[in-house]
Number of protein chains: 4
Amino acid sequence: MAPISKDQILAHNATLQRHADTDYEYLGEQLARRNIDIDTIKTQVASFGVAIPSWGVGTGGTRFARFPGMGEPRHVFDKLQDCGVIQQLARATPTVSLHIPWDKCSDWSELRQTAASYGLGFDAMNSNTFSDQKDQSHSYKFGSLTHADAATRAQAVAHNIECIEIGQKLGSKALTVWVGDGSNFPGQQHFRRAFDRYLESTRQIYAALPGDWRMFLEHKICEPAFYSTVIQDWGSSFMAASALGTKAQCLVDLGHHAPNVNIEMIVARLIAAGKLAGFHFNDSKYGDDDLDAGSVAPYRLFLVFNELVSAAHEGVTGFDPAYMLDQSHNVTDPIESLMSSAAQVQQSYAQALIVDRAELDAAQTANDALMASRALKRGFETNVTPILQRVRAEAGGAIDPIGAYRASGYRQQVAKDRPAVVGGSGGIV
Amino acid sequence: MAPISKDQILAHNATLQRHADTDYEYLGEQLARRNIDIDTIKTQVASFGVAIPSWGVGTGGTRFARFPGMGEPRHVFDKLQDCGVIQQLARATPTVSLHIPWDKCSDWSELRQTAASYGLGFDAMNSNTFSDQKDQSHSYKFGSLTHADAATRAQAVAHNIECIEIGQKLGSKALTVWVGDGSNFPGQQHFRRAFDRYLESTRQIYAALPGDWRMFLEHKICEPAFYSTVIQDWGSSFMAASALGTKAQCLVDLGHHAPNVNIEMIVARLIAAGKLAGFHFNDSKYGDDDLDAGSVAPYRLFLVFNELVSAAHEGVTGFDPAYMLDQSHNVTDPIESLMSSAAQVQQSYAQALIVDRAELDAAQTANDALMASRALKRGFETNVTPILQRVRAEAGGAIDPIGAYRASGYRQQVAKDRPAVVGGSGGIV
Amino acid sequence: MAPISKDQILAHNATLQRHADTDYEYLGEQLARRNIDIDTIKTQVASFGVAIPSWGVGTGGTRFARFPGMGEPRHVFDKLQDCGVIQQLARATPTVSLHIPWDKCSDWSELRQTAASYGLGFDAMNSNTFSDQKDQSHSYKFGSLTHADAATRAQAVAHNIECIEIGQKLGSKALTVWVGDGSNFPGQQHFRRAFDRYLESTRQIYAALPGDWRMFLEHKICEPAFYSTVIQDWGSSFMAASALGTKAQCLVDLGHHAPNVNIEMIVARLIAAGKLAGFHFNDSKYGDDDLDAGSVAPYRLFLVFNELVSAAHEGVTGFDPAYMLDQSHNVTDPIESLMSSAAQVQQSYAQALIVDRAELDAAQTANDALMASRALKRGFETNVTPILQRVRAEAGGAIDPIGAYRASGYRQQVAKDRPAVVGGSGGIV
Amino acid sequence: MAPISKDQILAHNATLQRHADTDYEYLGEQLARRNIDIDTIKTQVASFGVAIPSWGVGTGGTRFARFPGMGEPRHVFDKLQDCGVIQQLARATPTVSLHIPWDKCSDWSELRQTAASYGLGFDAMNSNTFSDQKDQSHSYKFGSLTHADAATRAQAVAHNIECIEIGQKLGSKALTVWVGDGSNFPGQQHFRRAFDRYLESTRQIYAALPGDWRMFLEHKICEPAFYSTVIQDWGSSFMAASALGTKAQCLVDLGHHAPNVNIEMIVARLIAAGKLAGFHFNDSKYGDDDLDAGSVAPYRLFLVFNELVSAAHEGVTGFDPAYMLDQSHNVTDPIESLMSSAAQVQQSYAQALIVDRAELDAAQTANDALMASRALKRGFETNVTPILQRVRAEAGGAIDPIGAYRASGYRQQVAKDRPAVVGGSGGIV
């Protein structure tokens with residue numbers, strides 16, 4: 001049930017194969033000079049995958065407006081189909097991360113089979129207690145897991161447990177908990193009591209985790225709450241995850257930090273503590289901009305992967321992060337942005353793999369800051385596109401996924417079935 | 001057509017009058033020691049007003065969700081009624097600033113009369129080219145006044161001119177132009193060309209300004225565009241306003257700057273250049289948080305007023321700023337927040353008036369940084385509540401507007417006529 | 001051995017006494033309306049003290065230049081004398097915090113007696129491994145407690161232990177450890193290894209702590225290292241303090257955080273964890289500006305004290321923070337800045353004490369954000385100067401410390417004995 | 001008078017020549033596929049130069065400490081010699097920018113000849129009114145060009161004019177004016193008056209400019225002043241440069257902006273206004289960190305060059321920026337950092353040259369954000385090292401400048417003549 005015809009992909013690849021091969025060969029020769037075997041790198045890259053958030057295939061928006069594109073997915077099955085296209089062409093996104101209740105459907109078994117038919121599995125489940133649903137007894141206007149009212153907290157806990165139950169039907173192994181809880185005024189919330197309530201609520205969710213599941217706690221400095229948030233940074237996240245137990249870990253969204261913060265350092269600390277859950281990849285210039293991964297600050301993304309490859313290289317105990325994209329595609333075709341972003345993440349991984357760890361170690365030990373810097377830069381400045389092209393082609397994907405996608409006419413095709421969505425402002429400036 | 005009964009207000013005031021009088025008297029004595037006549041300050045404060053944005057009386061939201069309150073205004077007449085309550089009780093907000101097309105109605109003359117019946121006039125008109133309307137020929141997804149396509153720009157220009165025309169019917173004297181135009185990716189927009197198109201478009205709007213109107217250009221560092229915006233800071237705003245002519249000036253929204261930026265310095269520069277249009281008051285901790293004015297950083301608000309009072313004190317030519325609140329009330333009753341914020345702005349003004357300018361000058365000339373700092377602090381640390389209470393009471397308002405409002409039952413009353421609004425998520429995370 | 005004549009102070013107070021008494025009486029009446037007994041507040045404020053850092057009485061500088069004032073202290077005895085003046089006049093700074101090796105002297109017993117003669121004790125000891133001393137075997141250019149070289153780490157550990165030993169002679173009960181260790185280039189330092197070395201080194205220092213001492217770990221986001229620091233935020237500080245043991249706690253310097261960070265939230269988290277060591281008070285607009293406490297963002301300082309008073313009010317176990325000023329006085333007479341800043345800290349404390357905790361609790365429980373905000377603001381907007389004046393006067397200090405100090409001619413007096421210091425640039429731009 | 005033996009360089013190059021040639025050839029083939037002639041790019045890169053600041057060859061420091069390296073230059077002749085090494089090996093830095101009074105000498109003619117013997121010329125002159133010199137009548141503690149005292153301003157003006165006079169003897173054609181003037185306390189400085197004094201003073205300097213000189217105004221958000229600076233951002237700089245006249249332009253130091261600010265946008269605005277003086281290149285993560293150019297955020301540096309190449313490509317009138325490095329080398333050998341940074345700047349330039357402007361234009365016109373982004377990324381991700389190597393080798397420089405430098409033993413050699421410098425703390429924390 002491949003969304004794009006295989007012949008189309010093969011024909012597309014045929015036009016690019018010769019240069020791709022030459023480039024791969026020449027890069028191989030250059031890497032060999034540094035005693036790096038290109039095929040080994042290729043194999044590692046091929047085994048790397050990053051999950052797609054189901055909401056990522058729809059056009060995003062801001063509080064000012066949303067400008068939908070054509071062929072917007074209507075429901076979770078449409079979303080899965082779009083994810084199928086992404087995986088078919090780019091071969092880097094073998095799983096999908098669902099969001100409840102947005103992705104609720106009447107037959108989870110059918111959903112699982114549909115996903116499998118696209119070659120897709122299910123990554124972490126995402127609960128939603130930051131907006132109200134129509135049939136909801138208690139509003140989350142003033143909080144969910146940390147609400148002052150016990151009944152509201154109980155409702156939020158129950159919703160998270162429901163997400164676990166759905167996830168079990170789909171083969172997921174993790175629950176990501178992000179809450180918008182916080183305050184907009186100094187004094188609005190009692191900081192210590194809200195945190196205590198967070199612990200009380202998450203302990204109940206934790207207790208409902210199956211034995212082989214993990215719970216990912218996600219911190220965020222602000223938005224939608226603008227004076228304080230309950231899990232505002234990795235410190236609070238770490239404190240909570242430590243209180244909960246070994247199955248609770250801290251998830252790092254690249255856009256959820258204060259300006260200037262050294263994110264790769266946070267990654268290193270969480271790795272050392274055995275508490276790194278994984279990532280929500282995106283890029284940002286100002287805040288939680290949810291821009292495409294690596295589109296603004298590619299070296300920062302590389303530096304995060306440098307920590308990851310370093311940890312794997314040294315065999316740090318318990319190191320097993322989950323990878324997901326979490327972006328808002330406001331001005332591009334979401335399918336294109338997700339393919340492009342997945343490739344950017346792969347690229348950062350490949351470049352970090354190419355860093356000469358022995359050379360780096362030696363420079364660090366000798367306090368040779370310049371050579372240490374150059375050791376990283378040598379990895380980052382290596383154009384690893386030939387490796388990514390080879391990985392895709394060997395897996396049946398497209399050498400140039402965006403080109404193949406545009407050539408396929410997929411978007412125009414689905415737009416026939418999927419009705420145009422009216423955008424406009426929510427009036428919520 | 002006063003929304004709240006005058007007797008109710010009088011009864012409310014009666015319970016507070018004695019302490020208010022004592023406090024006023026005692027503050028008068030303290031100020032007299034500093035050679036300040038409290039009644040003179042009171043008169044100045046009484047003549048100060050700040051406009052209410054019509055959208056401010058509705059509950060705001062974020063891209064994650066909106067949680068409406070009860071009795072949400074349904075249309076511009078409901079909004080005016082709410083503004084009437086604010087002005088009746090707090091006596092600091094004699095004008096309303098409309099937003100087109102949100103506030104469109106079929107009879108502008110009726111609207112003007114309704115406003116007058118509440119004692120309200122109309123401040124600057126606000127155009128909207130940051131979201132698409134249903135009947136719109138060209139989408140603003142990729143820009144409006146700066147769009148690469150001439151027809152889209154023409155549409156945006158025409159909309160702004162329509163706003164001027166509506167404003168003329170209402171007695172407004174200014175148009176505020178804020179555009180969401182910008183980009184989410186490096187490369188997406190040609191910076192210089194986009195700015196040229198901005199000038200080309202605004203020149204057409206400027207040409208349509210009546211002789212006694214002004215045009216307020218509003219800058220913003222980011223959001224909804226997250227890599228770049230066309231009028232990103234006061235420098236670009238100043239460059240554009242200079243190119244347009246004397247009727248074009250720069251509007252300062254307190255939340256539209258990069259972190260750490262010294263906003264009062266920008267105010268001083270624009271005053272010196274004769275280019276200060278006025279303000280959108282609000283407060284923020286992280287970005288364009290649109291929190292209640294002075295709720296997070298009250299001293300910053302005071303320092304802005306210190307520049308304003310200093311300019312007035314020195315008789316700077318052409319100094320005539322417009323004042324408006326621009327806040328998003330997500331967790332409070334908007335009427336309460338607006339009354340409270342207007343009082344906060346009045347308070348900052350009163351405290352700045354109390355600063356001993358001669359003492360400050362002397363300290364500045366002598367490089368006595370500590371005494372200069374104390375001169376400002378002495379103003380800021382003066383509790384001017386008694387003055388504000390007196391100003392309100394003398395104008396027929398409430399000594400304690402929030403208390404009187406809650407006692408009035410107004411919100412419960414209008415909730416009977418105004419149907420409950422369903423909130424929830426726009427799905428635009 | 002009072003530096004300023006008591007008669008002088010009494011004469012100074014006599015001129016201010018009448019208004020001070022009237023103001024105290026009237027404030028008492030206003031507070032009584034809120035069911036607050038002014039004398040109770042006064043007693044609490046009177047028992048509050050904040051330590052002076054010995055280096056604070058000298059004029060500070062930047063990497064660009066230092067511009068000394070007249071009468072700069074030559075050595076620790078001069079510094080103590082200046083601290084004596086501060087305490088004599090302002091009565092809020094009963095202890096001094098020394099910095100080794102800057103404050104080394106040949107007779108610690110004499111130093112202790114001298115301090116006692118000024119009514120001063122000794123607060124936390126401060127080690128210095130961020131600059132090289134002349135007789136030093138190993139340079140700290142590339143780190144100290146985390147240096148890649150074991151001998152350098154051993155030297156840094158030994159220095160810290162020496163600081164403890166000196167502190168024991170002086171009656172100190174705590175060691176503050178701040179290191180400049182970090183890196184200027186991505187790759188320069190192996191993040192996890194550097195942190196491990198930090199733990200290894202601090203464990204040795206911790207082992208040398210006397211039974212009744214505490215160890216304060218101080219974090220800082222940057223400077224002097226500009227790409228990464230080893231203890232970059234409260235998360236890393238907390239992780240280290242947890243690893244070390246109960247005597248290790250986290251010290252919060254208000255200027256050591258990323259832009260926009262909610263510092264009062266960090267305070268709340270550390271209180272909850274029993275890990276709040278205490279504070280280095282100062283203010284900042286851009287980075288570690290080391291400006292006078294409360295001079296730029298007084299409400300932020302108040303919000304920190306709101307957390308402290310809240311914790312004390314609720315009797316949180318193990319809550320016992322240490323208070324110190326840590327400022328760089330580049331353009332003022334350091335004695336004036338320190339007196340003024342101590343009063344500002346007292347003021348924030350007094351204002352937080354005045355907050356109606358029951359009213360605040362009720363508003364928080366009811367999600368009445370506006371009333372909760374107003375409960376805090378009511379404390380903050382209360383001018384508590386009369387209380388501070390009374391506290392000082394009753395303790396034998398000056399009603400107006402700055403005025404009394406200027407009148408005393410102390411600075412001119414000591415300038416006769418203390419030679420003028422040549423300033424200028426270190427050429428280290 | 002080449003500091004390094006030419007034979008040594010040739011021998012060094014011989015070992016690297018074969019791979020360098022192969023890499024150049026292959027890159028040429030890849031670029032040819034994009035219709036780019038590698039030799040054309042090479043020629044453009046060969047004609048690009050960036051000035052070295054004379055102070056950059058000494059080890060930098062912070063307010064906490066300076067840790068000198070070995071063989072520190074003693075005076076301007078030593079500095080020139082070090083610059084000679086940099087230019088000999090890296091062939092990208094044909095000019096030196098002096099700083100008065102630090103670089104004063106008794107015979108400017110000799111200095112000019114010495115420079116010429118190293119193949120070096122002189123770039124912009126830099127005045128210093130941010131620190132006091134020994135023989136100075138008036139202190140700059142409270143400002144220089146904006147000081148409240150006229151005599152102090154006159155002294156600062158005279159110093160700047162002296163810098164012009166020295167520059168004329170050396171063949172310089174520009175004066176860079178950066179002042180540390182500002183304030184540390186709200187109220188300390190009257191913003192508008194200080195700016196007026198800035199204009200008054202700079203007008204006098206401007207009047208003394210030779211006909212073919214330019215005056216570069218440099219803005220900075222903070223440091224050494226920490227509450228406000230007089231020329232705090234490009235807006236104030238632009239306002240001042242406009243007031244002065246066509247020879248006055250705005251210099252952009254990459255580290256002098258608020259967090260998150262889009263610097264390439266500022267560059268675009270100044271280009272459009274004909275007011276871009278040029279650059280001080282460096283990199284930063286937190287503030288004015290003065291790290292090596294491109295070491296933390298290489299894509300940001302590329303985006304700046306994208307604007308420059310775009311302006312040149314379009315033939316913008318009056319576009320003629322000056323390029324200088326301005327870094328503080330605290331943990332590296334300054335010669336190595338300057339060679340490496342010059343190459344990084346060249347690299348960004350080369351990568352921007354490779355961007356397909358027609359493709360970019362088309363994507364921008366079509367609002368194809370993804371393809372526009374990819375057009376830039378394709379340039380940035382091209383490893384242009386082979387071009388840089390070829391440029392250097394053809395000019396007589398080293399294929400690998402750092403390697404050749406280390407092999408030369410230059411630092412050890414000069415350390416014999418240049419005495420070790422004692423570092424340590426200035427005690428100015």
# chains A, B, ... in the order shown; residues from 1 in each chain; ligands from 1
call {"tool": "interface_residues", "arguments": {"of": "chain D", "to": "chain B", "cutoff": "7 Å", "atoms": "only C-alpha atoms", "output": "ChimeraX atom specification"}}
result
/D:142,148,185-192,228,234-235,258-262,265,268-269,272,364-365,367,369,372-373,376
call {"tool": "select_by_dssp", "arguments": {"residues": "region 275-378 of chain D", "states": "strand (DSSP E or B)", "output": "PyMOL selection string"}}
result
chain D and resi 276-281+283+291+322-325
call {"tool": "write_last_selection", "arguments": {"atoms": "C-alpha atoms", "output": "PDB file, in the first residue's frame"}}
result
ATOM      1  CA  LEU D 276      27.163  50.050   6.457  1.00  0.00           C
ATOM      2  CA  ALA D 277      30.694  50.891   7.575  1.00  0.00           C
ATOM      3  CA  GLY D 278      31.820  47.333   8.030  1.00  0.00           C
ATOM      4  CA  PHE D 279      32.369  44.655  10.656  1.00  0.00           C
ATOM      5  CA  HIS D 280      34.123  43.530  13.728  1.00  0.00           C
ATOM      6  CA  PHE D 281      33.948  39.777  13.336  1.00  0.00           C
ATOM      7  CA  ASP D 283      31.394  34.940  17.723  1.00  0.00           C
ATOM      8  CA  LEU D 291      35.053  34.210  20.715  1.00  0.00           C
ATOM      9  CA  ALA D 322      35.500  47.248   5.930  1.00  0.00           C
ATOM     10  CA  TYR D 323      36.288  43.912   7.536  1.00  0.00           C
ATOM     11  CA  MET D 324      38.136  43.391  10.794  1.00  0.00           C
ATOM     12  CA  LEU D 325      38.455  40.618  13.323  1.00  0.00           C
TER      13      LEU D 325
END
call {"tool": "residues_around", "arguments": {"residues": "Lys247 (chain A)", "least_positions_apart": "5", "cutoff": "12 Å", "atoms": "only C-alpha atoms", "output": "PyMOL selection string"}}
result
chain A and resi 173-176+202-203+205-217+240-242+274-277+318
call {"tool": "residues_around", "arguments": {"residues": "Met70 (chain C)", "least_positions_apart": "4", "cutoff": "9 Å", "atoms": "only C-alpha atoms", "output": "JSON, numbers by chain"}}
result
{"C": [333, 411, 412, 414, 415, 418, 419, 420, 421]}
call {"tool": "atom_distance", "arguments": {"atom1": "CA of Arg66 (chain B)", "atom2": "CA of Ala362 (chain C)"}}
result
25.0 Å
call {"tool": "select_by_dssp", "arguments": {"residues": "region 245-354 of chain A", "states": "helix (DSSP H, G or I)", "output": "ChimeraX atom specification"}}
result
/A:263-272,298-314,334-354
call {"tool": "write_last_selection", "arguments": {"atoms": "C-alpha atoms", "output": "CSV table (one decimal), in the first residue's frame"}}
result
chain,number,residue,atom,x,y,z
A,263,ILE,CA,21.5,22.8,25.4
A,264,GLU,CA,24.2,20.3,24.6
A,265,MET,CA,25.4,20.8,28.2
A,266,ILE,CA,21.9,19.9,29.5
A,267,VAL,CA,22.0,16.8,27.3
A,268,ALA,CA,25.4,15.8,28.7
A,269,ARG,CA,24.1,16.2,32.3
A,270,LEU,CA,21.0,14.1,31.7
A,271,ILE,CA,23.1,11.4,30.0
A,272,ALA,CA,25.4,11.3,33.0
A,298,PRO,CA,22.6,23.8,12.3
A,299,TYR,CA,25.8,23.7,14.4
A,300,ARG,CA,23.8,23.6,17.6
A,301,LEU,CA,22.0,20.5,16.3
A,302,PHE,CA,25.4,19.0,15.5
A,303,LEU,CA,26.7,19.8,19.0
A,304,VAL,CA,23.7,17.9,20.5
A,305,PHE,CA,24.5,14.9,18.4
A,306,ASN,CA,28.1,15.2,19.3
A,307,GLU,CA,27.1,14.5,22.9
A,308,LEU,CA,24.9,11.6,21.8
A,309,VAL,CA,27.6,10.0,19.7
A,310,SER,CA,30.1,10.6,22.5
A,311,ALA,CA,27.9,8.8,25.0
A,312,ALA,CA,27.4,5.9,22.6
A,313,HIS,CA,31.1,5.7,21.9
A,314,GLU,CA,31.9,5.5,25.6
A,334,PRO,CA,4.5,19.7,6.0
A,335,ILE,CA,5.5,16.6,4.1
A,336,GLU,CA,8.5,18.4,2.6
A,337,SER,CA,9.5,20.0,5.8
A,338,LEU,CA,9.4,16.7,7.6
A,339,MET,CA,11.4,14.9,5.0
A,340,SER,CA,13.9,17.7,4.9
A,341,SER,CA,14.2,17.9,8.7
A,342,ALA,CA,14.6,14.1,9.1
A,343,ALA,CA,17.5,14.3,6.7
A,344,GLN,CA,18.9,17.2,8.6
A,345,VAL,CA,18.8,15.2,11.8
A,346,GLN,CA,20.5,12.2,10.0
A,347,GLN,CA,23.1,14.6,8.7
A,348,SER,CA,24.0,15.9,12.1
A,349,TYR,CA,24.2,12.3,13.3
A,350,ALA,CA,26.5,11.3,10.5
A,351,GLN,CA,28.7,14.3,11.0
A,352,ALA,CA,29.1,13.6,14.7
A,353,LEU,CA,30.0,10.0,13.8
A,354,ILE,CA,32.8,11.3,11.6
call {"tool": "closest_residue", "arguments": {"among": "C:Ser97, C:His159, C:Leu111, C:Pro386", "to": "Leu16 (chain C)", "atoms": "only C-alpha atoms"}}
result
C:Pro386
call {"tool": "residues_around", "arguments": {"residues": "region 81-92 of chain A", "least_positions_apart": "3", "cutoff": "9 Å", "atoms": "only C-alpha atoms", "output": "PyMOL selection string"}}
result
chain A and resi 2-4+9+45-52+54+57+73+76-78+95-96+114-115+117-120+335-336+338-340+342-343+346+391-393+395-402+404-405+410
call {"tool": "atom_distance", "arguments": {"atom1": "CA of Thr152 (chain C)", "atom2": "CA of Ser127 (chain C)"}}
result
15.0 Å
call {"tool": "residues_around", "arguments": {"residues": "Leu98 (chain B)", "least_positions_apart": "3", "cutoff": "7 Å", "atoms": "only C-alpha atoms", "output": "list in words"}}
result
Pro53, Ser54, Asp103, Met125 and Asn126 of chain B
call {"tool": "write_last_selection", "arguments": {"atoms": "N, CA and C atoms", "output": "short mmCIF file (atom, residue, chain, number, x, y, z; two decimals), in the first residue's frame"}}
result
data_model
loop_
_atom_site.label_atom_id
_atom_site.label_comp_id
_atom_site.auth_asym_id
_atom_site.auth_seq_id
_atom_site.Cartn_x
_atom_site.Cartn_y
_atom_site.Cartn_z
N PRO B 53 -8.17 48.68 23.85
CA PRO B 53 -8.33 48.01 22.55
C PRO B 53 -9.62 47.20 22.60
N SER B 54 -10.42 47.30 21.57
CA SER B 54 -11.73 46.62 21.61
C SER B 54 -11.58 45.12 21.82
N ASP B 103 -14.27 44.49 14.16
CA ASP B 103 -15.28 45.37 14.76
C ASP B 103 -16.22 45.98 13.73
N MET B 125 -7.25 53.63 14.80
CA MET B 125 -7.82 52.48 14.11
C MET B 125 -6.71 51.45 13.88
N ASN B 126 -7.09 50.16 13.95
CA ASN B 126 -6.11 49.10 13.72
C ASN B 126 -6.52 48.23 12.55
#
call {"tool": "atom_distance", "arguments": {"atom1": "CA of Ala156 (chain A)", "atom2": "CA of Gln136 (chain A)"}}
result
10.3 Å
